[in-house]
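Raw contents of final_19.cif, mmCIF, C-alpha atoms:
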data_run
#
loop_
_atom_site.label_atom_id
_atom_site.label_comp_id
_atom_site.auth_asym_id
_atom_site.auth_seq_id
_atom_site.Cartn_x
_atom_site.Cartn_y
_atom_site.Cartn_z
CA MET U 187 74.77 232.91 145.95
CA LEU U 188 72.57 231.12 143.42
CA LEU U 189 69.49 232.29 145.30
CA THR U 190 70.71 235.90 145.08
CA LEU U 191 71.25 235.62 141.35
CA ILE U 192 67.75 234.19 140.98
CA ILE U 193 66.25 237.06 143.03
CA LEU U 194 68.17 239.64 141.00
CA ASN U 195 66.82 238.16 137.76
CA LEU U 196 63.19 237.83 138.83
CA PRO U 197 60.57 239.88 136.91
CA SER U 198 60.21 243.38 138.36
CA GLN U 199 56.63 242.78 139.51
CA THR U 200 57.62 239.66 141.46
CA THR U 201 60.61 241.48 142.99
CA ALA U 202 58.37 244.37 144.02
CA ARG U 203 55.96 241.96 145.74
CA LEU U 204 58.83 240.15 147.43
CA LYS U 205 60.22 243.50 148.57
CA LEU U 206 56.86 244.48 150.03
CA GLY U 207 56.66 241.12 151.82
CA VAL U 208 60.14 241.36 153.34
CA GLY U 209 59.59 245.02 154.25
CA SER U 210 56.40 244.16 156.12
CA LEU U 211 58.53 242.26 158.67
CA PHE U 212 59.42 245.68 160.09
CA LEU U 213 55.78 246.50 160.81
CA PRO U 214 55.99 245.75 164.59
CA LEU U 215 59.14 247.87 164.98
CA VAL U 216 57.56 250.76 163.04
CA GLY U 217 54.49 250.56 165.29
CA LEU U 218 56.70 250.47 168.37
CA THR U 219 58.63 253.58 167.26
CA GLN U 220 55.43 255.48 166.50
CA SER U 221 53.96 254.55 169.89
CA ALA U 222 57.16 255.70 171.60
CA HIS U 223 56.97 259.05 169.74
CA GLN U 224 53.33 259.50 170.75
CA LEU U 225 54.12 258.63 174.35
CA ALA U 226 57.00 261.13 174.40
CA GLY U 227 54.68 263.80 172.98
CA LYS U 228 51.98 263.07 175.56
CA THR U 229 54.54 263.14 178.38
CA ALA U 230 55.86 266.50 177.16
CA ASP U 231 52.29 267.85 177.07
CA ALA U 232 51.61 266.54 180.57
CA VAL U 233 54.61 268.29 182.12
CA LEU U 234 53.94 271.63 180.34
CA PRO U 235 52.76 274.27 182.87
CA ARG U 236 49.13 275.41 182.65
CA LYS U 237 50.20 279.03 182.11
CA GLU U 238 52.23 278.05 179.02
CA ILE U 239 49.33 275.99 177.61
CA LEU U 240 46.97 278.96 178.02
CA ARG U 241 49.49 281.26 176.30
CA GLN U 242 49.89 278.86 173.36
CA ASN U 243 46.11 278.45 173.18
CA GLU U 244 45.65 282.22 172.92
CA ILE U 245 48.27 282.47 170.13
CA LEU U 246 46.62 279.62 168.21
CA ARG U 247 43.15 281.19 168.63
CA ARG U 248 44.38 284.48 167.16
CA GLU U 249 46.19 282.69 164.34
CA ASN U 250 43.02 280.69 163.62
CA GLN U 251 40.94 283.89 163.35
CA GLU U 252 43.47 285.43 160.94
CA LEU U 253 43.56 282.30 158.80
CA ARG U 254 39.74 282.14 158.67
CA LEU U 255 39.68 285.73 157.43
CA GLN U 256 42.35 284.96 154.81
CA ALA U 257 40.43 281.84 153.72
CA ALA U 258 37.24 283.88 153.28
CA VAL U 259 39.11 286.44 151.12
CA ALA U 260 40.76 283.63 149.11
CA GLU U 261 37.39 281.99 148.54
CA GLY U 262 36.04 285.22 147.07
CA THR U 263 39.10 285.57 144.82
CA GLU U 264 38.75 281.96 143.71
CA ARG U 265 35.08 282.50 142.80
CA GLU U 266 36.04 285.59 140.82
CA ASN U 267 38.88 283.68 139.13
CA ALA U 268 36.56 280.81 138.16
CA HIS U 269 34.02 283.32 136.76
CA LEU U 270 36.71 285.07 134.66
CA ARG U 271 37.98 281.70 133.40
CA GLN U 272 34.42 280.88 132.34
CA LEU U 273 34.09 284.23 130.53
CA PHE U 274 37.36 283.74 128.62
CA GLY U 275 36.67 280.06 127.99
CA TRP U 276 39.82 278.90 129.80
CA GLN U 277 40.02 275.41 131.19
CA GLN U 278 39.12 275.16 134.87
CA ARG U 279 42.03 274.23 137.11
CA GLN U 280 41.75 270.91 138.87
CA ARG U 281 41.52 271.23 142.64
CA HIS U 282 43.74 269.00 144.71
CA HIS U 283 43.18 267.62 148.16
CA LEU U 284 46.03 267.15 150.56
CA ARG U 285 46.57 264.38 153.11
CA LEU U 286 49.00 264.74 155.98
CA ALA U 287 51.50 261.90 156.52
CA ASN U 288 54.27 261.28 159.04
CA VAL U 289 57.79 260.39 157.93
CA ILE U 290 58.61 257.08 159.62
CA LEU U 291 61.76 255.77 157.89
CA ARG U 292 64.59 257.08 155.72
CA GLU U 293 66.70 255.52 152.99
CA PRO U 294 69.41 253.45 154.76
CA SER U 295 71.95 253.64 151.91
CA ASN U 296 73.91 256.72 150.87
CA TRP U 297 73.33 256.59 147.13
CA TRP U 298 69.54 257.08 146.94
CA ARG U 299 67.19 259.74 148.37
CA ALA U 300 63.96 258.37 149.78
CA ILE U 301 61.69 258.37 152.82
CA GLU U 302 58.80 256.21 153.98
CA ILE U 303 55.48 257.69 155.11
CA ASP U 304 52.69 256.17 157.19
CA LEU U 305 50.02 256.17 154.47
CA GLY U 306 49.61 253.12 152.26
CA SER U 307 47.24 251.45 149.82
CA ARG U 308 44.58 251.06 152.52
CA ASP U 309 44.57 254.89 152.79
CA GLY U 310 44.06 255.18 149.03
CA MET U 311 47.69 255.93 148.11
CA THR U 312 48.87 255.15 144.57
CA THR U 313 52.25 255.57 142.86
CA ASN U 314 53.42 258.88 141.37
CA ARG U 315 51.44 261.11 143.71
CA PRO U 316 53.28 264.38 144.40
CA VAL U 317 54.49 264.92 147.96
CA LEU U 318 54.92 268.38 149.50
CA SER U 319 56.65 269.62 152.64
CA ALA U 320 54.70 271.03 155.59
CA ASP U 321 55.06 274.56 154.12
CA GLY U 322 53.89 273.46 150.65
CA SER U 323 57.12 273.17 148.63
CA LEU U 324 57.83 270.13 146.47
CA VAL U 325 59.52 267.14 148.10
CA GLY U 326 59.15 264.26 145.62
CA ARG U 327 56.71 261.60 144.49
CA ILE U 328 55.45 258.24 145.74
CA ALA U 329 57.41 255.37 144.16
CA TYR U 330 56.19 252.23 145.98
CA VAL U 331 53.01 251.63 147.95
CA ARG U 332 52.66 249.05 150.74
CA LEU U 333 49.52 248.28 152.71
CA THR U 334 50.26 250.76 155.50
CA ARG U 335 53.36 252.61 154.22
CA SER U 336 54.58 254.24 151.02
CA GLN U 337 58.09 254.95 149.79
CA VAL U 338 58.65 258.50 148.51
CA VAL U 339 61.58 259.29 146.21
CA LEU U 340 62.90 262.75 146.98
CA LEU U 341 64.06 265.56 144.71
CA GLY U 342 67.70 265.00 143.81
CA ASP U 343 67.30 261.24 143.47
CA PRO U 344 68.15 259.94 139.98
CA ASN U 345 64.61 258.48 139.75
CA VAL U 346 62.88 261.89 140.03
CA HIS U 347 62.65 264.34 137.14
CA VAL U 348 60.44 267.41 137.41
CA ALA U 349 59.47 269.82 134.63
CA ALA U 350 60.24 273.23 136.11
CA LEU U 351 59.74 276.87 135.24
CA VAL U 352 61.86 279.84 136.34
CA GLU U 353 59.90 282.93 137.35
CA ASN U 354 61.75 285.49 135.23
CA GLU U 355 60.79 287.66 132.24
CA THR U 356 61.33 284.86 129.70
CA ARG U 357 59.82 282.15 131.96
CA ASP U 358 62.57 279.69 131.09
CA MET U 359 61.75 276.01 131.35
CA GLY U 360 63.98 273.11 132.29
CA VAL U 361 64.06 269.78 134.09
CA ILE U 362 65.08 269.24 137.71
CA GLY U 363 67.36 266.21 137.83
CA ALA U 364 69.73 264.45 140.18
CA SER U 365 71.92 266.14 142.76
CA GLY U 366 75.35 265.17 144.06
CA PRO U 367 75.85 262.44 146.67
CA ARG U 368 76.15 265.07 149.43
CA ASN U 369 72.76 266.14 150.71
CA ASP U 370 73.30 269.92 150.67
CA GLY U 371 69.85 270.86 149.36
CA LEU U 372 71.10 271.67 145.85
CA VAL U 373 69.74 270.08 142.66
CA GLU U 374 70.51 270.60 138.98
CA LEU U 375 68.11 272.38 136.64
CA GLY U 376 69.09 271.13 133.19
CA TYR U 377 67.79 271.26 129.61
CA LEU U 378 67.79 275.08 129.68
CA SER U 379 68.39 276.92 126.41
CA LYS U 380 71.64 278.84 125.87
CA ASN U 381 69.87 282.24 125.91
CA VAL U 382 68.38 282.01 129.40
CA THR U 383 68.56 285.06 131.66
CA LEU U 384 68.99 283.47 135.05
CA LYS U 385 69.85 285.43 138.15
CA PRO U 386 70.52 284.13 141.66
CA GLY U 387 67.40 284.26 143.80
CA GLN U 388 64.86 283.71 141.00
CA THR U 389 62.07 281.35 142.06
CA VAL U 390 61.68 277.94 140.42
CA ARG U 391 58.26 276.26 140.35
CA THR U 392 56.74 273.19 138.70
CA SER U 393 55.54 273.87 135.17
CA GLY U 394 52.83 271.22 135.23
CA GLN U 395 54.23 269.44 132.17
CA GLY U 396 54.93 265.75 132.40
CA GLY U 397 51.61 264.83 133.97
CA ILE U 398 52.77 263.96 137.49
CA PHE U 399 53.33 267.26 139.28
CA PRO U 400 50.63 269.98 139.20
CA PRO U 401 51.78 273.49 138.14
CA ASP U 402 52.93 276.32 140.43
CA ILE U 403 54.36 274.27 143.28
CA LEU U 404 57.43 275.93 144.77
CA ILE U 405 60.68 274.01 144.19
CA GLY U 406 63.39 276.48 145.23
CA GLN U 407 65.58 279.35 144.11
CA VAL U 408 68.33 279.67 141.50
CA VAL U 409 71.82 279.77 143.04
CA ASP U 410 73.99 280.05 139.91
CA SER U 411 74.17 278.89 136.29
CA GLN U 412 76.81 277.97 133.76
CA PRO U 413 76.92 277.11 130.05
CA ILE U 414 77.44 273.46 129.12
CA GLU U 415 78.02 271.44 125.94
CA TYR U 416 80.31 274.14 124.44
CA GLY U 417 77.70 276.84 125.08
CA PHE U 418 74.77 275.01 123.45
CA GLY U 419 72.85 274.76 126.71
CA THR U 420 72.78 275.98 130.28
CA VAL U 421 72.59 274.22 133.58
CA ALA U 422 71.62 275.93 136.85
CA ARG U 423 71.92 274.94 140.47
CA VAL U 424 68.72 275.32 142.49
CA LYS U 425 68.54 275.53 146.28
CA LEU U 426 65.52 273.50 147.34
CA ALA U 427 62.90 275.27 149.46
CA ALA U 428 62.17 272.07 151.40
CA LYS U 429 64.71 270.81 153.92
CA LEU U 430 64.78 267.19 152.85
CA ASP U 431 66.92 265.93 155.73
CA ALA U 432 64.61 267.42 158.37
CA LEU U 433 61.21 266.26 157.10
CA GLU U 434 58.86 265.00 159.80
CA GLU U 435 55.47 265.57 158.22
CA VAL U 436 54.55 265.83 154.54
CA TRP U 437 51.44 266.46 152.45
CA VAL U 438 50.43 263.95 149.80
CA VAL U 439 48.49 265.44 146.89
CA SER U 440 45.41 263.37 146.10
CA GLU U 441 42.97 263.88 143.23
CA MET J 840 79.21 228.59 168.32
CA SER J 841 75.79 227.85 169.69
CA LEU J 842 72.49 228.04 167.85
CA LEU J 843 71.46 230.75 170.29
CA ASN J 844 74.45 232.86 169.26
CA ALA J 845 73.52 232.49 165.58
CA LEU J 846 69.99 233.60 166.42
CA PHE J 847 71.40 236.62 168.32
CA ILE J 848 73.35 237.61 165.20
CA LEU J 849 70.31 237.37 162.93
CA ALA J 850 68.10 239.26 165.41
CA THR J 851 70.77 241.96 165.71
CA ALA J 852 70.90 242.26 161.90
CA PHE J 853 67.12 242.80 161.87
CA VAL J 854 67.28 245.53 164.53
CA VAL J 855 70.40 247.15 163.01
CA VAL J 856 68.78 247.52 159.57
CA PHE J 857 65.68 249.07 161.16
CA LEU J 858 67.77 251.49 163.25
CA GLU J 859 69.71 252.58 160.16
CA ALA J 860 66.42 253.53 158.49
CA ALA J 861 64.68 254.95 161.56
CA PHE J 862 67.36 257.20 163.08
CA GLY J 863 69.33 259.69 161.03
CA GLY J 864 71.22 261.63 163.70
CA PHE J 865 74.66 260.60 162.45
CA ARG J 866 73.61 261.29 158.85
CA ARG J 867 72.51 264.82 159.80
CA LEU J 868 75.88 265.37 161.46
CA THR J 869 78.20 263.98 158.78
CA GLY J 870 76.02 263.53 155.70
CA VAL J 871 76.72 259.79 155.80
CA GLN J 872 74.62 256.88 157.06
CA LEU J 873 76.70 254.15 158.68
CA ASP J 874 76.14 250.53 157.67
CA LEU J 875 76.55 248.14 160.60
CA LEU J 876 75.98 244.91 158.68
CA PRO J 877 79.67 244.52 157.60
CA PRO J 878 80.96 244.69 161.24
CA LEU J 879 78.31 242.13 162.15
CA MET J 880 79.50 239.96 159.26
CA VAL J 881 83.10 240.19 160.55
CA TYR J 882 81.92 238.87 163.93
CA ALA J 883 79.80 236.14 162.30
CA SER J 884 82.59 234.94 160.02
CA LEU J 885 85.13 234.79 162.87
CA SER J 886 82.88 233.04 165.35
CA GLY J 887 80.27 231.21 163.27
CA GLY J 888 80.05 228.72 160.45
CA VAL J 889 79.16 228.90 156.78
CA VAL J 890 75.43 228.54 157.55
CA THR J 891 75.48 231.56 159.90
CA ILE J 892 77.39 233.63 157.33
CA SER J 893 74.99 232.65 154.52
CA LEU J 894 71.91 233.33 156.64
CA LEU J 895 73.25 236.70 157.80
CA ALA J 896 74.13 237.73 154.24
CA LEU J 897 70.75 236.63 152.90
CA LEU J 898 68.56 237.95 155.70
CA GLY J 899 70.57 241.15 156.33
CA GLY J 900 70.87 241.94 152.62
CA LEU J 901 67.19 241.31 151.85
CA LEU J 902 66.02 243.33 154.87
CA PHE J 903 68.33 246.22 153.94
CA ASP J 904 67.18 246.23 150.31
CA SER J 905 63.51 246.04 151.31
CA LEU J 906 63.79 249.43 153.07
CA SER J 907 66.01 250.90 150.36
CA LEU J 908 65.57 251.85 146.72
CA ASN J 909 68.20 249.18 145.94
CA PRO J 910 66.96 246.33 143.76
CA LEU J 911 66.16 243.38 146.04
CA GLY J 912 69.20 241.13 146.53
CA VAL J 913 71.94 243.64 145.64
CA SER J 914 73.33 243.80 149.19
CA VAL J 915 73.38 240.02 149.66
CA LEU J 916 76.34 239.18 147.39
CA PRO J 917 78.80 241.77 148.80
CA LEU J 918 78.05 240.68 152.38
CA MET J 919 78.41 237.02 151.44
CA LEU J 920 81.70 237.66 149.65
CA VAL J 921 83.15 239.63 152.59
CA GLY J 922 82.05 236.93 155.03
CA MET J 923 83.47 234.05 153.00
CA ILE J 924 86.84 235.77 152.46
CA ILE J 925 87.26 236.32 156.21
CA TYR J 926 85.99 232.82 156.97
CA SER J 927 88.45 231.20 154.56
CA SER J 928 91.44 232.76 156.35
CA ARG J 929 90.12 232.88 159.91
CA ASP J 930 92.67 230.34 161.18
CA LEU J 931 95.37 232.93 160.46
CA ILE J 932 93.54 235.78 162.23
CA LEU J 933 93.98 236.57 165.91
CA LYS J 934 90.31 237.24 166.41
CA ARG J 935 90.59 238.38 170.03
CA GLN J 936 93.06 241.13 169.18
CA ARG J 937 91.37 244.55 169.04
CA PHE J 938 93.71 245.67 166.25
CA ALA J 939 92.74 242.69 164.08
CA GLN J 940 89.06 243.41 164.68
CA VAL J 941 89.48 247.08 163.74
CA VAL J 942 91.41 246.28 160.54
CA LEU J 943 88.88 243.64 159.50
CA GLY J 944 85.98 246.03 160.25
CA LEU J 945 87.68 248.75 158.20
CA GLY J 946 88.22 246.44 155.24
CA ALA J 947 84.74 244.89 155.35
CA SER J 948 82.99 248.27 155.74
CA ALA J 949 84.91 249.64 152.75
CA ALA J 950 84.51 246.58 150.53
CA ALA J 951 80.77 245.90 151.04
CA PRO J 952 79.47 249.31 149.79
CA VAL J 953 81.99 249.41 146.91
CA LEU J 954 80.85 245.94 145.78
CA SER J 955 77.20 247.01 146.11
CA LEU J 956 77.85 250.09 143.95
CA ILE J 957 79.64 247.96 141.33
CA LEU J 958 76.65 245.58 141.27
CA LEU J 959 74.21 248.50 140.95
CA LEU J 960 76.18 249.96 138.04
CA THR J 961 76.38 246.51 136.43
CA THR J 962 72.59 246.14 136.59
CA GLY J 963 72.14 249.51 134.86
CA ARG J 964 71.10 251.61 137.87
CA LYS J 965 72.41 255.16 138.30
CA PRO J 966 73.15 255.75 141.99
CA LEU J 967 74.24 259.18 143.27
CA LEU J 968 78.01 259.18 142.76
CA GLY J 969 80.62 261.93 142.88
CA TRP J 970 83.66 263.13 144.78
CA ALA J 971 81.59 263.19 147.97
CA THR J 972 81.18 259.41 147.59
CA LEU J 973 84.85 259.08 148.65
CA TRP J 974 84.06 260.98 151.86
CA GLN J 975 81.02 258.74 152.42
CA LEU J 976 83.07 255.58 151.89
CA GLY J 977 85.78 256.89 154.23
CA VAL J 978 83.32 257.67 157.03
CA MET J 979 81.53 254.34 156.51
CA SER J 980 84.84 252.46 156.73
CA LEU J 981 85.97 254.31 159.86
CA GLY J 982 82.57 253.89 161.49
CA GLY J 983 82.59 250.18 160.66
CA ALA J 984 86.16 249.84 162.00
CA LEU J 985 85.12 251.34 165.34
CA ALA J 986 81.87 249.37 165.48
CA THR J 987 83.54 245.97 165.00
CA PRO J 988 85.27 245.69 168.44
CA VAL J 989 82.08 247.02 170.04
CA CYS J 990 80.20 244.25 168.27
CA PHE J 991 82.63 241.64 169.64
CA LEU J 992 82.32 243.08 173.16
CA LEU J 993 78.53 243.13 173.06
CA PHE J 994 78.22 239.57 171.81
CA ALA J 995 80.76 238.32 174.34
CA LYS J 996 78.75 239.97 177.12
CA LEU J 997 75.49 238.64 175.73
CA GLU J 998 76.92 235.13 175.52
CA ARG J 999 78.25 235.34 179.09
CA SER J 1000 74.87 236.44 180.41
CA LEU J 1001 72.56 234.18 178.42
CA VAL J 1002 74.46 231.09 177.35
CA HIS J 1003 75.22 228.49 180.01
CA SER J 1004 78.95 227.87 180.21
CA ARG J 1005 80.27 224.59 181.66
CA ALA J 1006 81.94 225.03 185.05
CA PRO J 1007 85.72 224.40 184.87
CA GLU J 1008 86.76 221.07 186.44
CA THR J 1009 88.61 221.44 189.69
CA SER J 1010 91.85 219.57 190.32
CA PHE J 1011 90.72 218.70 193.86
CA ARG J 1012 89.94 215.02 194.47
CA ALA J 1013 88.98 213.73 197.89
CA ASP J 1014 90.98 210.48 197.51
CA ARG J 1015 94.13 212.43 196.61
CA GLU J 1016 93.96 214.72 199.64
CA ILE J 1017 97.14 214.73 201.65
CA ARG J 1018 96.33 214.26 205.28
CA ARG J 1019 98.95 215.70 207.51
CA GLY J 1020 99.58 214.37 210.99
CA ARG J 1021 100.88 216.26 213.96
CA LEU J 1022 104.40 215.99 212.71
#

Could you take the file, read its structure, and then write that structure out as structure tokens?
Amino acid sequence: MLLTLIILNLPSQTTARLKLGVGSLFLPLVGLTQSAHQLAGKTADAVLPRKEILRQNEILRRENQELRLQAAVAEGTERENAHLRQLFGWQQRQRHHLRLANVILREPSNWWRAIEIDLGSRDGMTTNRPVLSADGSLVGRIAYVRLTRSQVVLLGDPNVHVAALVENETRDMGVIGASGPRNDGLVELGYLSKNVTLKPGQTVRTSGQGGIFPPDILIGQVVDSQPIEYGFGTVARVKLAAKLDALEEVWVVSE
Amino acid sequence: MSLLNALFILATAFVVVFLEAAFGGFRRLTGVQLDLLPPLMVYASLSGGVVTISLLALLGGLLFDSLSLNPLGVSVLPLMLVGMIIYSSRDLILKRQRFAQVVLGLGASAAAPVLSLILLLTTGRKPLLGWATLWQLGVMSLGGALATPVCFLLFAKLERSLVHSRAPETSFRADREIRRGRL
């Protein structure tokens, strides 16, 4: 009991190191699980009929051609955009690179929202990097980095606050905060002014303020809103675009 | 209780914590992740000593917190407290009765998360709490209650298969054999 009280009162840096050390004991089991997943995938591929593989290959080839065409068009638009920005003297937008990571573990308790991914400090990960779902919507940010793994706190966790912007006429701004203990994909959008004109279905994106999350990343859609604090403010519920309980792969935004 | 049995308990705690973090099928179904450390603590406190209970609380709690956003050490005290309460009154408990195991599992699985939440709130953290927390605690308690007898069964089977048990002495003695004649 004394030992526990000592651990609880250790400086946060020491506790974080101790946590990383204890957590690294699971490294063999994590490796074993990943190998089992890979083996299952390879076995599934091996038993797939040749006809089905050829069909999937054809679909992927067509999709690849379409995406190449879209990328070429987007590149032209980007060049034009950069040229216009230069003409008007606007600041150039920073380009971000994305790194794909696999979700390997989930938060074992019921009162936090977090996942662990298979990229760590040896892959160049640092804290506070934004994490996106496979389809590009916001998932959370990196909170702790281990050598081979990183812990990501998800949207809805009390440790994640995101400056957000509603895509309506008045472009109302607020802060995405914690959700309820039930993981139903809903989070609160608070700090909205009393005169907001929110309608269900309006898109919510990151505003870029706060310095952690880049602007224009999709967060979700407004479900409903209600006045709070005797009508001095408004709070809205937002349905997240990312399915947080079904994440298998995520993108980590790197500079 | 043998040293081997204590090692089984600690190894099971290690695997159980990993499984809780690695597989979320039950969570997807009910929205609640079960915690199997309290049922394990019930078994340890009814069949082990103070050292086993302390080691399980320390190791299990630290391992759990290392994979969680909990501050390190928060889960140790609740587990320790649950274990010591059961241990202090274990002479009064019919530990082989399924009903007793279920009731103890229910109580331990309800008490451990509540104590953890109280500790978190005391240290200034803001965990996700609401009306749905009651549902989560209910499911965790019921899950723990059902897992406790399974835990006892598994360890009994494991002990039977791996731990050498002394053969019972027979009452037969050659010098006490009654030799019967023809009549």

Hey, what's within 8 Å of J:Gln940 if we count all atoms listed in the file and toss same-chain stuff fewer than 5 positions away? As a count of residues only, please? 6

Kindly assemble as a tab-separated table a list of the chain J residues that lie within 10 Å of chain U, each paired with its nearest atom pair and their distance in Å to one decimal, using all atoms listed in the file, sorted first by chain and then by ascending residue number.
residue	atom	partner	partner_atom	distance
J:Phe853	CA	U:Phe212	CA	8.4
J:Val854	CA	U:Leu215	CA	8.5
J:Val856	CA	U:Pro294	CA	7.7
J:Phe857	CA	U:Phe212	CA	7.2
J:Leu858	CA	U:Pro294	CA	8.9
J:Glu859	CA	U:Pro294	CA	5.5
J:Ala860	CA	U:Pro294	CA	4.8
J:Ala861	CA	U:Leu291	CA	4.8
J:Phe862	CA	U:Leu291	CA	7.8
J:Gly863	CA	U:Arg292	CA	7.6
J:Arg866	CA	U:Asp431	CA	8.7
J:Arg867	CA	U:Asp431	CA	7.0
J:Thr869	CA	U:Arg368	CA	9.6
J:Gly870	CA	U:Arg368	CA	6.5
J:Val871	CA	U:Asn296	CA	6.5
J:Gln872	CA	U:Asn296	CA	6.2
J:Leu873	CA	U:Ser295	CA	8.3
J:Asp874	CA	U:Ser295	CA	7.8
J:Ser893	CA	U:Met187	CA	8.6
J:Ala896	CA	U:Met187	CA	9.6
J:Leu897	CA	U:Thr190	CA	7.9
J:Leu898	CA	U:Val208	CA	9.4
J:Gly900	CA	U:Thr190	CA	9.7
J:Leu901	CA	U:Val208	CA	7.2
J:Leu902	CA	U:Val208	CA	6.4
J:Phe903	CA	U:Pro294	CA	7.4
J:Asp904	CA	U:Lys205	CA	7.7
J:Ser905	CA	U:Lys205	CA	5.0
J:Leu906	CA	U:Gly209	CA	6.2
J:Ser907	CA	U:Glu293	CA	5.4
J:Leu908	CA	U:Trp298	CA	6.6
J:Asn909	CA	U:Trp298	CA	8.1
J:Pro910	CA	U:Leu194	CA	7.3
J:Leu911	CA	U:Lys205	CA	6.5
J:Gly912	CA	U:Thr190	CA	5.6
J:Val913	CA	U:Leu194	CA	7.2
J:Ser914	CA	U:Thr190	CA	9.3
J:Val915	CA	U:Thr190	CA	6.7
J:Leu916	CA	U:Met187	CA	6.6
J:Met919	CA	U:Met187	CA	7.8
J:Leu920	CA	U:Met187	CA	9.2
J:Pro952	CA	U:Ser295	CA	8.9
J:Leu956	CA	U:Trp297	CA	8.5
J:Thr962	CA	U:Leu194	CA	9.0
J:Arg964	CA	U:Pro344	CA	9.1
J:Lys965	CA	U:Pro344	CA	6.6
J:Pro966	CA	U:Trp297	CA	5.2
J:Leu967	CA	U:Trp297	CA	4.7
J:Leu968	CA	U:Pro367	CA	5.5
J:Gly969	CA	U:Pro367	CA	6.1
J:Trp970	CA	U:Pro367	CA	8.1
J:Ala971	CA	U:Pro367	CA	5.9
J:Thr972	CA	U:Pro367	CA	6.2
J:Leu973	CA	U:Pro367	CA	9.8
J:Trp974	CA	U:Arg368	CA	9.2
J:Gln975	CA	U:Asn296	CA	7.6
J:Leu976	CA	U:Asn296	CA	9.3
J:Met979	CA	U:Asn296	CA	9.8

One number please: atom CA of U:Arg391 to atom CA of U:Asn250, in Å, one decimal.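 Answer for the atom CA of U:Arg391 to atom CA of U:Asn250 separation: 28.2 Å.
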
Between atom CA of J:Ile932 and atom CA of J:Ala883 - distance in Å to one decimal: 13.7 Å

What gap, in Å, lies between atom CA of U:Asn288 and atom CA of U:Asp402?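 About the pair atom CA of U:Asn288 and atom CA of U:Asp402: they are 24.0 Å apart.
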
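Among the candidates U:Thr334, U:Ser323, U:Ser379, U:Asn354, the one nearest to U:Leu426 when counting only C-alpha atoms is U:Ser323.
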
Between J:Ile1017, J:Val942, J:Val978, J:Leu868, which is the closest to J:Ile925 once you count all atoms listed in the file?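 Ranked by minimum distance to J:Ile925, first place goes to J:Val942.
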
Nearby residues (only C-alpha atoms) at most 12 Å from J:Glu998, same-chain spacing under 5 positions excluded, as a PyMOL selection string: chain J and resi 840-848+886+991-993+1003-1004

Using only C-alpha atoms, which residues sit within 9 Å of stretch 403-418 of chain U once same-chain residues fewer than 2 positions away are excluded, as a ChimeraX atom specification? /U:318,322-325,350,352,372,375,379-380,384-394,399-401,420-428

Using the chain letters and residue numbers of this document, give as a PyMOL selection string the residues selected by the PyMOL selection byres ((chain J and resi 885) around 12). chain J and resi 840+878-884+886-889+891-892+921-936+939-940+943-944+987+990-991

Keeping only C-alpha atoms, write the selected residues to a file as an mmCIF file, keeping the file's coordinate frame.
data_model
loop_
_atom_site.group_PDB
_atom_site.id
_atom_site.type_symbol
_atom_site.label_atom_id
_atom_site.label_comp_id
_atom_site.auth_asym_id
_atom_site.auth_seq_id
_atom_site.Cartn_x
_atom_site.Cartn_y
_atom_site.Cartn_z
ATOM 1 C CA MET J 840 79.210 228.590 168.320
ATOM 2 C CA PRO J 878 80.960 244.690 161.240
ATOM 3 C CA LEU J 879 78.310 242.130 162.150
ATOM 4 C CA MET J 880 79.500 239.960 159.260
ATOM 5 C CA VAL J 881 83.100 240.190 160.550
ATOM 6 C CA TYR J 882 81.920 238.870 163.930
ATOM 7 C CA ALA J 883 79.800 236.140 162.300
ATOM 8 C CA SER J 884 82.590 234.940 160.020
ATOM 9 C CA SER J 886 82.880 233.040 165.350
ATOM 10 C CA GLY J 887 80.270 231.210 163.270
ATOM 11 C CA GLY J 888 80.050 228.720 160.450
ATOM 12 C CA VAL J 889 79.160 228.900 156.780
ATOM 13 C CA THR J 891 75.480 231.560 159.900
ATOM 14 C CA ILE J 892 77.390 233.630 157.330
ATOM 15 C CA VAL J 921 83.150 239.630 152.590
ATOM 16 C CA GLY J 922 82.050 236.930 155.030
ATOM 17 C CA MET J 923 83.470 234.050 153.000
ATOM 18 C CA ILE J 924 86.840 235.770 152.460
ATOM 19 C CA ILE J 925 87.260 236.320 156.210
ATOM 20 C CA TYR J 926 85.990 232.820 156.970
ATOM 21 C CA SER J 927 88.450 231.200 154.560
ATOM 22 C CA SER J 928 91.440 232.760 156.350
ATOM 23 C CA ARG J 929 90.120 232.880 159.910
ATOM 24 C CA ASP J 930 92.670 230.340 161.180
ATOM 25 C CA LEU J 931 95.370 232.930 160.460
ATOM 26 C CA ILE J 932 93.540 235.780 162.230
ATOM 27 C CA LEU J 933 93.980 236.570 165.910
ATOM 28 C CA LYS J 934 90.310 237.240 166.410
ATOM 29 C CA ARG J 935 90.590 238.380 170.030
ATOM 30 C CA GLN J 936 93.060 241.130 169.180
ATOM 31 C CA ALA J 939 92.740 242.690 164.080
ATOM 32 C CA GLN J 940 89.060 243.410 164.680
ATOM 33 C CA LEU J 943 88.880 243.640 159.500
ATOM 34 C CA GLY J 944 85.980 246.030 160.250
ATOM 35 C CA THR J 987 83.540 245.970 165.000
ATOM 36 C CA CYS J 990 80.200 244.250 168.270
ATOM 37 C CA PHE J 991 82.630 241.640 169.640
#

In terms of the shortest atom-to-atom distance over all atoms listed in the file, which of U:Arg241, U:Asn267, U:Val348, U:Leu286 is closest to U:Asp321? U:Leu286
